[in-house]
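Chemist: Structure file coords_15.txt (compact mmCIF, C-alpha atoms) is given on the next line.
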```txt
# COMPACT_ATOMS: atom_id res chain seq x y z
CA MET A 1 -17.44 1.84 7.59
CA ASN A 2 -16.30 4.46 10.07
CA ARG A 3 -14.69 7.73 9.05
CA GLY A 4 -14.28 8.97 12.62
CA ILE A 5 -11.18 7.14 13.85
CA ALA A 6 -8.30 9.27 12.64
CA ALA A 7 -5.18 7.62 14.05
CA PRO A 8 -4.11 4.56 15.97
CA ARG A 9 -3.89 4.65 19.72
CA THR A 10 -0.53 4.42 21.49
CA PRO A 11 1.67 2.18 19.30
CA LEU A 12 3.45 -0.84 20.73
CA HIS A 13 4.83 -1.97 17.34
CA GLN A 14 4.86 -0.23 13.98
CA PHE A 15 5.96 -1.29 10.49
CA THR A 16 5.79 0.86 7.35
CA VAL A 17 6.95 0.08 3.84
CA PRO A 18 6.51 1.85 0.48
CA LEU A 19 5.60 -0.51 -2.38
CA SER A 20 5.21 -0.24 -6.13
CA GLY A 21 1.68 0.26 -7.46
CA THR A 22 1.78 -3.08 -9.28
CA ARG A 23 0.46 -6.61 -8.76
CA ARG A 24 3.93 -7.52 -7.56
CA GLY A 25 3.76 -4.69 -5.00
CA ALA A 26 0.38 -5.96 -3.75
CA ARG A 27 1.74 -9.50 -3.44
CA LEU A 28 4.81 -8.21 -1.60
CA ALA A 29 2.55 -6.27 0.80
CA ARG A 30 0.82 -9.53 1.79
CA LEU A 31 4.10 -11.40 2.17
CA LEU A 32 5.80 -8.65 4.20
CA ALA A 33 2.75 -8.25 6.43
CA ALA A 34 2.69 -12.00 7.14
CA GLU A 35 6.41 -11.95 7.95
CA GLN A 36 6.02 -8.95 10.27
CA LEU A 37 2.97 -10.38 12.06
CA GLU A 38 4.83 -13.64 12.59
CA ALA A 39 7.84 -11.74 13.98
CA TRP A 40 5.51 -9.99 16.44
CA GLY A 41 3.95 -13.32 17.42
CA LEU A 42 0.52 -12.36 16.10
CA PRO A 43 -1.97 -14.53 14.21
CA LEU A 44 -1.70 -14.21 10.43
CA ASP A 45 -5.40 -14.39 9.69
CA PRO A 46 -7.60 -12.48 9.05
CA ALA A 47 -4.96 -9.71 8.86
CA ARG A 48 -3.27 -11.30 5.85
CA LEU A 49 -6.59 -11.33 3.94
CA ILE A 50 -7.27 -7.69 4.83
CA VAL A 51 -3.79 -6.60 3.70
CA ALA A 52 -4.22 -8.52 0.44
CA GLU A 53 -7.58 -6.89 -0.30
CA LEU A 54 -6.53 -3.34 0.62
CA ALA A 55 -3.27 -3.64 -1.34
CA ALA A 56 -5.11 -5.05 -4.37
CA ASN A 57 -7.57 -2.15 -4.21
CA ALA A 58 -4.68 0.33 -4.03
CA VAL A 59 -3.15 -1.20 -7.16
CA VAL A 60 -6.39 -1.51 -9.12
CA HIS A 61 -8.36 1.58 -8.04
CA GLY A 62 -5.76 3.85 -6.43
CA ARG A 63 -2.96 3.60 -8.94
CA VAL A 64 -1.31 6.61 -10.49
CA PRO A 65 1.44 5.81 -13.03
CA GLY A 66 4.86 6.24 -11.46
CA ARG A 67 3.50 6.37 -7.89
CA GLY A 68 3.30 3.53 -5.39
CA PHE A 69 1.38 2.89 -2.20
CA ARG A 70 2.36 2.53 1.46
CA LEU A 71 1.49 -0.27 3.89
CA THR A 72 1.53 0.44 7.61
CA LEU A 73 0.88 -2.06 10.40
CA THR A 74 0.49 -0.78 13.95
CA VAL A 75 -0.14 -2.73 17.13
CA THR A 76 -1.39 -0.63 20.04
CA VAL A 77 -0.94 -1.24 23.75
CA ALA A 78 -4.72 -1.78 23.84
CA GLY A 79 -4.30 -4.90 21.67
CA VAL A 80 -5.51 -3.51 18.36
CA LEU A 81 -3.87 -4.24 15.01
CA ARG A 82 -4.38 -1.37 12.59
CA ILE A 83 -3.72 -1.99 8.91
CA GLU A 84 -3.36 1.08 6.68
CA VAL A 85 -2.85 1.30 2.93
CA THR A 86 -2.20 4.77 1.54
CA ASP A 87 -2.48 5.32 -2.21
CA PRO A 88 -2.12 8.42 -4.41
CA ARG A 89 -5.77 8.66 -5.58
CA GLY A 90 -7.51 10.62 -2.84
CA GLU A 91 -10.37 11.58 -5.14
CA SER A 92 -11.56 7.97 -5.48
CA ALA A 93 -12.52 6.79 -2.00
CA PRO A 94 -13.96 3.29 -1.64
CA VAL A 95 -17.57 2.94 -0.61
CA ALA A 96 -19.12 0.04 1.30
CA ARG A 97 -21.82 -1.66 -0.73
CA ASP A 98 -23.86 -4.80 -0.88
CA ALA A 99 -22.54 -7.83 -2.73
CA PRO A 100 -22.74 -7.62 -6.53
CA PRO A 101 -26.06 -9.11 -7.66
CA GLU A 102 -24.43 -11.62 -10.00
CA PRO A 103 -21.12 -13.50 -9.84
CA ALA A 104 -18.23 -11.22 -10.75
CA GLU A 105 -14.45 -11.31 -10.79
CA SER A 106 -14.19 -8.23 -8.59
CA GLY A 107 -16.28 -6.21 -6.17
CA TYR A 108 -15.98 -8.44 -3.12
CA GLY A 109 -12.76 -7.04 -1.59
CA LEU A 110 -14.28 -4.46 0.71
CA LEU A 111 -17.07 -6.85 1.66
CA LEU A 112 -14.37 -9.26 2.84
CA VAL A 113 -12.65 -6.45 4.74
CA GLU A 114 -15.94 -5.40 6.33
CA GLU A 115 -16.69 -8.99 7.40
CA SER A 116 -13.16 -9.66 8.69
CA ALA A 117 -12.31 -6.39 10.45
CA ASP A 118 -13.81 -4.97 13.61
CA ARG A 119 -13.76 -1.50 12.04
CA TRP A 120 -12.62 0.05 8.78
CA GLY A 121 -12.73 3.41 7.08
CA VAL A 122 -11.08 5.96 4.83
CA LEU A 123 -9.05 9.01 5.76
CA PRO A 124 -8.32 11.79 3.25
CA GLY A 125 -4.77 13.02 2.77
CA PRO A 126 -2.11 13.92 2.83
CA PHE A 127 -3.11 15.51 -0.47
CA PRO A 128 -3.49 13.98 -3.02
CA CYS A 129 -3.58 10.65 -1.16
CA LYS A 130 -6.09 8.69 0.90
CA THR A 131 -5.62 5.99 3.51
CA VAL A 132 -7.92 2.99 3.78
CA TRP A 133 -7.61 1.41 7.22
CA ALA A 134 -8.95 -1.58 9.09
CA GLU A 135 -8.64 -2.58 12.74
CA LEU A 136 -8.67 -5.97 14.44
CA GLU A 137 -9.14 -6.56 18.16
CA LEU A 138 -6.34 -9.06 18.72
CA GLY A 139 -7.90 -10.62 21.82
CA ARG A 140 -10.46 -12.31 19.55
CA PHE A 141 -7.79 -14.19 17.58
CA ARG A 142 -5.41 -15.54 20.20
```
For the structure just supplied, provide its representation as structure tokens.
Modeler:
Amino acid sequence: MNRGIAAPRTPLHQFTVPLSGTRRGARLARLLAAEQLEAWGLPLDPARLIVAELAANAVVHGRVPGRGFRLTLTVTVAGVLRIEVTDPRGESAPVARDAPPEPAESGYGLLLVEESADRWGVLPGPFPCKTVWAELELGRFR
């Protein structure tokens, strides 16, 4: 995890959408991301997996009743896809950890993000929110 990269480099493409803090909102995030990546002519995977995991985390761990989350996809001129999910629970930042010792229904999401992304991290704010982001070097996937 890297907390030092604050914002994407020069954007070539950008897509942002607010979504409800529900399972349906998380599913819609994955579907909209896949549609947008396809429209930009970019590979769907592993970006689709990363969006699904970050959106699910926003719904499960970052949910505040009555508040949603925001998905942002940015492609930079340097060929980097940045995925950001902003949720309203800034006080509960995710932490990278080793795999759970025994089989579990949850706890693997950020491990999948860490394995799939070139970089990922958490940015505080704007208050009371936080943004969990992941970046993919697109040259590796073409």
Chemist: Using only C-alpha atoms, can you tell me which of A:Leu111, A:Ala78, A:Ile83, A:Val122 comes closest to Phe15 of chain A?
Modeler: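 Closest to Phe15 of chain A, using only C-alpha atoms: A:Ile83.
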Chemist: To one decimal place, how far is atom CA of Glu91 of chain A from atom CA of Gly125 of chain A in Å?
Modeler: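 Between atom CA of Glu91 of chain A and atom CA of Gly125 of chain A the gap works out to 9.8 Å.
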Chemist: For Ser20 of chain A, which of A:Leu71, A:Cys129, A:Leu44, A:Ala134 is the closest residue, counting only C-alpha atoms?
Modeler: A:Leu71
Chemist: With distances taken over only C-alpha atoms, which of A:Glu84, A:Glu38, A:Glu137, A:Asp118 is nearest to Ala52 of chain A?
Modeler: A:Glu84
Chemist: Kindly provide, as number ranges by chain, the polymer residues lying within 12 Å of (1.5, 0.8, 0.1), counting only C-alpha atoms and using the coordinates exactly as they appear in the file.
Modeler: A: 15-30, 32-33, 51-59, 62-63, 67-73, 83-88, 129-133
Chemist: Do you have the atom CA of Ile50 of chain A-atom CA of Glu135 of chain A distance handy?
Modeler: 9.5 Å
Chemist: Write out as a PDB file with C-alpha atoms, in the frame of the given file which residues come within 6 Å of Val80 of chain A when counting only C-alpha atoms, dropping same-chain ones fewer than 4 positions away.
Modeler:
```pdb
ATOM      1  CA  VAL A  75      -0.140  -2.730  17.130  1.00  0.00           C
ATOM      2  CA  THR A  76      -1.390  -0.630  20.040  1.00  0.00           C
ATOM      3  CA  LEU A 136      -8.670  -5.970  14.440  1.00  0.00           C
ATOM      4  CA  GLU A 137      -9.140  -6.560  18.160  1.00  0.00           C
ATOM      5  CA  LEU A 138      -6.340  -9.060  18.720  1.00  0.00           C
TER       6      LEU A 138
END
```
Chemist: Using Å and a single decimal, report how far atom CA of Leu49 of chain A sits from atom CA of Glu35 of chain A.
Modeler: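 Distance reported for this atom pair: 13.6 Å.
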Chemist: So, with all atoms listed in the file as the atoms that count, which of A:Leu37, A:Arg89, A:Leu12, A:Glu115 lies closest to Pro65 of chain A?
Modeler: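 Closest candidate: A:Arg89.
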